[in-house]
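Asker: Input structure: target_4.cif, which contains mmCIF, C-alpha atoms.
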data_upload
#
loop_
_atom_site.label_atom_id
_atom_site.label_comp_id
_atom_site.auth_asym_id
_atom_site.auth_seq_id
_atom_site.Cartn_x
_atom_site.Cartn_y
_atom_site.Cartn_z
CA MET A 1 -32.77 -23.28 -4.92
CA ARG A 2 -29.13 -23.23 -6.08
CA THR A 3 -30.11 -21.30 -9.19
CA SER A 4 -31.86 -18.70 -7.03
CA LEU A 5 -28.80 -18.29 -4.80
CA LEU A 6 -26.52 -17.98 -7.81
CA ALA A 7 -28.83 -15.39 -9.40
CA PHE A 8 -28.96 -13.44 -6.12
CA ALA A 9 -25.15 -13.54 -5.80
CA LEU A 10 -24.66 -12.34 -9.37
CA ALA A 11 -27.23 -9.57 -8.99
CA SER A 12 -25.66 -8.42 -5.70
CA THR A 13 -22.22 -8.36 -7.29
CA ALA A 14 -23.51 -6.34 -10.26
CA ILE A 15 -25.19 -3.80 -7.97
CA MET A 16 -22.09 -3.51 -5.79
CA ALA A 17 -19.83 -3.18 -8.85
CA GLN A 18 -21.68 -0.02 -9.87
CA ASP A 19 -20.33 1.75 -6.77
CA VAL A 20 -16.74 0.50 -7.04
CA LYS A 21 -14.22 3.26 -7.65
CA LEU A 22 -11.00 2.31 -9.42
CA GLY A 23 -7.96 4.46 -8.96
CA VAL A 24 -4.22 5.02 -8.86
CA GLN A 25 -1.90 6.29 -6.19
CA ALA A 26 1.62 7.70 -5.91
CA GLN A 27 3.63 8.09 -2.75
CA ALA A 28 6.96 9.11 -1.25
CA ASN A 29 8.31 6.54 1.24
CA LEU A 30 10.46 7.56 4.18
CA PRO A 31 12.44 4.53 5.41
CA MET A 32 12.58 3.72 9.12
CA GLY A 33 14.51 1.28 11.28
CA ASP A 34 16.71 -1.27 9.49
CA LEU A 35 15.40 -0.21 6.08
CA LYS A 36 16.67 3.32 6.76
CA ASP A 37 20.19 1.92 7.22
CA ALA A 38 19.95 -0.30 4.12
CA VAL A 39 18.97 2.61 1.84
CA ASP A 40 21.18 5.21 3.56
CA SER A 41 18.11 7.24 4.65
CA LYS A 42 17.11 7.95 1.02
CA VAL A 43 13.45 8.57 0.21
CA GLY A 44 11.77 6.01 -2.04
CA VAL A 45 8.88 6.38 -4.44
CA GLY A 46 5.88 4.20 -5.14
CA VAL A 47 2.97 3.82 -7.53
CA GLY A 48 -0.07 1.60 -7.41
CA VAL A 49 -3.64 0.80 -8.31
CA HIS A 50 -6.69 0.27 -6.13
CA ALA A 51 -10.39 -0.53 -6.11
CA GLN A 52 -12.57 0.98 -3.39
CA PHE A 53 -15.78 -0.78 -2.35
CA PRO A 54 -18.23 1.34 -0.30
CA LEU A 55 -19.84 -0.38 2.69
CA GLY A 56 -22.16 2.49 3.66
CA ASN A 57 -22.18 4.77 6.72
CA GLY A 58 -18.78 6.26 5.79
CA MET A 59 -16.95 2.94 5.62
CA ALA A 60 -15.17 1.33 2.68
CA ILE A 61 -12.80 -1.48 1.81
CA ARG A 62 -9.93 -0.70 -0.56
CA ALA A 63 -8.07 -3.48 -2.35
CA ARG A 64 -4.68 -2.24 -3.46
CA GLY A 65 -1.43 -3.19 -5.10
CA ASP A 66 1.62 -0.99 -5.17
CA PHE A 67 5.29 -1.09 -6.13
CA ASN A 68 7.88 0.85 -4.14
CA THR A 69 11.55 1.38 -4.85
CA TRP A 70 14.49 3.20 -3.28
CA PRO A 71 17.53 4.61 -5.10
CA GLU A 72 20.65 2.47 -5.18
CA THR A 73 22.82 3.37 -2.21
CA ASP A 74 26.52 3.04 -1.54
CA VAL A 75 26.88 1.80 2.04
CA PHE A 76 30.56 0.83 2.15
CA PRO A 77 31.59 -1.80 1.17
CA ALA A 78 28.26 -2.65 -0.50
CA LYS A 79 25.84 -1.10 -2.96
CA ASN A 80 22.21 -1.82 -2.06
CA LYS A 81 19.03 -1.71 -4.12
CA VAL A 82 15.72 -2.28 -2.31
CA SER A 83 12.17 -2.52 -3.64
CA ASN A 84 8.88 -4.14 -2.66
CA LEU A 85 5.54 -5.18 -4.08
CA ASN A 86 2.47 -4.92 -1.81
CA LEU A 87 -0.85 -6.66 -2.34
CA GLY A 88 -3.45 -6.02 0.33
CA GLY A 89 -6.52 -4.30 1.57
CA ASP A 90 -7.43 -1.36 3.79
CA PHE A 91 -10.48 -0.58 5.88
CA LEU A 92 -11.37 3.12 5.60
CA PHE A 93 -13.55 4.98 8.09
CA PHE A 94 -14.71 8.44 6.98
CA VAL A 95 -15.40 10.70 9.97
CA GLU A 96 -18.19 12.68 8.24
CA GLY A 97 -20.08 9.52 7.28
CA LYS A 98 -19.66 9.66 3.49
CA ASP A 99 -16.85 8.11 1.46
CA THR A 100 -16.60 10.94 -1.06
CA SER A 101 -15.08 13.69 1.09
CA GLY A 102 -13.47 14.54 4.38
CA VAL A 103 -11.10 13.02 6.91
CA TYR A 104 -10.68 9.26 7.09
CA PHE A 105 -8.73 6.77 9.15
CA LEU A 106 -7.32 3.62 7.62
CA GLY A 107 -5.97 0.30 8.77
CA GLY A 108 -4.81 -2.51 6.56
CA LEU A 109 -3.12 -5.83 5.96
CA SER A 110 -0.92 -6.76 3.01
CA MET A 111 1.59 -9.24 1.75
CA VAL A 112 4.90 -7.48 1.10
CA ARG A 113 7.37 -9.03 -1.33
CA TRP A 114 10.80 -7.52 -0.63
CA SER A 115 13.63 -7.60 -3.17
CA TYR A 116 17.06 -6.72 -1.84
CA GLU A 117 20.09 -6.61 -4.15
CA VAL A 118 23.61 -6.32 -2.73
CA LYS A 119 26.78 -5.77 -4.77
CA VAL A 120 30.13 -6.25 -3.05
CA ALA A 121 33.41 -6.20 -5.02
CA GLY A 122 31.54 -6.72 -8.27
CA VAL A 123 29.60 -9.75 -6.99
CA LYS A 124 25.82 -9.33 -7.01
CA ARG A 125 23.48 -11.24 -4.65
CA ASN A 126 19.69 -11.08 -4.58
CA TYR A 127 17.55 -11.73 -1.53
CA ASP A 128 13.78 -11.99 -1.80
CA SER A 129 11.30 -12.54 1.01
CA THR A 130 7.57 -12.20 1.58
CA HIS A 131 6.12 -10.96 4.87
CA LEU A 132 2.92 -9.65 6.39
CA GLY A 133 2.50 -5.88 6.32
CA LEU A 134 0.39 -3.91 8.80
CA SER A 135 -0.61 -0.33 8.07
CA MET A 136 -2.47 2.52 9.70
CA GLY A 137 -2.94 6.09 8.71
CA LEU A 138 -4.96 9.19 8.14
CA GLY A 139 -6.23 10.70 4.91
CA TYR A 140 -8.31 13.49 3.47
CA GLN A 141 -10.61 13.02 0.47
CA TRP A 142 -10.76 16.50 -1.12
CA ASN A 143 -13.55 15.55 -3.54
CA SER A 144 -14.88 12.37 -5.15
CA THR A 145 -11.72 12.09 -7.29
CA PHE A 146 -8.67 13.39 -5.37
CA GLY A 147 -7.34 12.46 -1.94
CA THR A 148 -4.15 12.62 0.12
CA GLU A 149 -2.99 10.35 2.90
CA ALA A 150 -0.19 9.52 5.30
CA ARG A 151 0.39 5.97 6.46
CA PHE A 152 2.80 3.98 8.59
CA VAL A 153 3.57 0.49 7.27
CA HIS A 154 5.25 -2.15 9.41
CA SER A 155 6.84 -5.17 7.71
CA SER A 156 9.79 -7.46 8.23
CA LEU A 157 12.67 -7.61 5.75
CA GLY A 158 13.53 -11.09 7.06
CA SER A 159 16.33 -12.24 9.38
CA GLY A 160 14.94 -10.11 12.21
CA LEU A 161 15.23 -6.85 10.26
CA ASN A 162 12.31 -4.44 9.93
CA GLY A 163 11.25 -2.62 6.78
CA ASP A 164 9.03 0.05 8.30
CA THR A 165 8.07 3.06 6.21
CA PHE A 166 6.17 6.29 6.62
CA SER A 167 4.45 7.15 3.34
CA VAL A 168 2.84 10.35 2.14
CA GLY A 169 0.83 10.13 -1.06
CA ALA A 170 -2.02 11.12 -3.30
CA THR A 171 -4.89 9.07 -4.75
CA LEU A 172 -6.97 9.58 -7.86
CA LYS A 173 -10.27 7.73 -8.31
CA PHE A 174 -12.12 7.33 -11.60
#
Go ahead and render the structure in this file as structure tokens.
Answerer:
Amino acid sequence: MRTSLLAFALASTAIMAQDVKLGVQAQANLPMGDLKDAVDSKVGVGVGVHAQFPLGNGMAIRARGDFNTWPETDVFPAKNKVSNLNLGGDFLFFVEGKDTSGVYFLGGLSMVRWSYEVKVAGVKRNYDSTHLGLSMGLGYQWNSTFGTEARFVHSSLGSGLNGDTFSVGATLKF
């Protein structure tokens, strides 16, 4: 019986793996709230990888990892450098019922690892923290390979500060 269950699980995984689409994404990140103050309103950039698993009926799960960084800023008397690493997943709902084209809504959860470097009078301090990230957004899949999306991500920076961002990006699937 166990052998049969194992064989079924492996066969199901192999079948599902045939439909998995791997991809990359790039985005521009507009800081909001406390993050906006920390980076002096400068736009950040991000890159990442993802794997999209179709669920049928225009729904999919996307596992993703991305790295985002903002330019060093001079907020007197300190110089700040902020970046984060996100590991998470999104639920995608395609309005037209197929995950290869059209408008889609997304909602997701992630773990966000923030790195915050502060230099004051030549002394450098690093602060790292990990927090839950919540995201929601809207996208458009132009064809089976190229898509664009906008998303709002809410996350804490720690110490009661928020690291919210509004991101606009593009995805490529292989």
Asker: For the file shown, report as number ranges by chain the outcome of the PyMOL selection byres ((chain A and resi 153-168) around 6) at residue level.
Answerer: A: 27-32, 34-35, 133-135, 149-152, 169
Asker: Suppose a student applies the PyMOL selection byres ((chain A and resi 76) around 12) to this structure; what residues should they get, written as an NGL selection string?
Answerer: :A and (37-40 or 73-75 or 77-80 or 118-121)
Asker: Translate the PyMOL selection byres ((chain A and resi 22) around 6) into a concrete residue list for this structure, as a PDB file with C-alpha atoms, in the coordinates of the input.
Answerer:
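The resulting file, out_30.pdb, is reproduced below:
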ATOM      1  CA  LYS A  21     -14.220   3.260  -7.650  1.00  0.00           C
ATOM      2  CA  GLY A  23      -7.960   4.460  -8.960  1.00  0.00           C
ATOM      3  CA  HIS A  50      -6.690   0.270  -6.130  1.00  0.00           C
ATOM      4  CA  ALA A  51     -10.390  -0.530  -6.110  1.00  0.00           C
ATOM      5  CA  LYS A 173     -10.270   7.730  -8.310  1.00  0.00           C
ATOM      6  CA  PHE A 174     -12.120   7.330 -11.600  1.00  0.00           C
TER       7      PHE A 174
END
Asker: Let me have the centre and edge lengths in Å, one decimal, of the box along x, y and z around every listed atom of stretch 124-128 of chain A with 3 Å of margin on each side, as AutoDock Vina command-line options.
Answerer:
--center_x 19.8 --center_y -10.7 --center_z -4.3 --size_x 18.0 --size_y 8.7 --size_z 11.5
Asker: Which is closer to A:Tyr127 than all the others in A:Lys42, A:Phe105, A:Lys98, A:Asn84, using only C-alpha atoms?
Answerer: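 Using only C-alpha atoms, the shortest distance to A:Tyr127 belongs to A:Asn84.
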Asker: Figure out the distance between atom CA of A:Ser83 and atom CA of A:Phe67, please, to one decimal in Å.
Answerer: 7.5 Å
Asker: I need the residue nearest A:Thr145 from this list: A:Ala170, A:Ala63, A:Leu87, A:Val43. Use all atoms listed in the file for the distance.
Answerer: A:Ala170
Asker: Restricting the calculation to only C-alpha atoms, which member of A:Gly139, A:Gly44, A:Gly89, A:Gly102 is positioned closest to A:Arg62?
Answerer: A:Gly89
Asker: When distances are computed from only C-alpha atoms, which of A:Phe91, A:Val20, A:Lys81, A:Val103 shows the smallest separation from A:Asp128?
Answerer: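 Closest residue, counting only C-alpha atoms: A:Lys81.
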Asker: Nearest residue to A:Gly107 out of A:Met59, A:Met136, A:Val24, A:Val123, using only C-alpha atoms?
Answerer: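 Closest to A:Gly107 of all the choices is A:Met136.
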Asker: Return the single residue from A:His131, A:Val47, A:Val95, A:Leu106 that is closest to A:Thr69, with distances computed using all atoms listed in the file.
Answerer: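 The shortest atom-to-atom distance to A:Thr69 comes from A:Val47.
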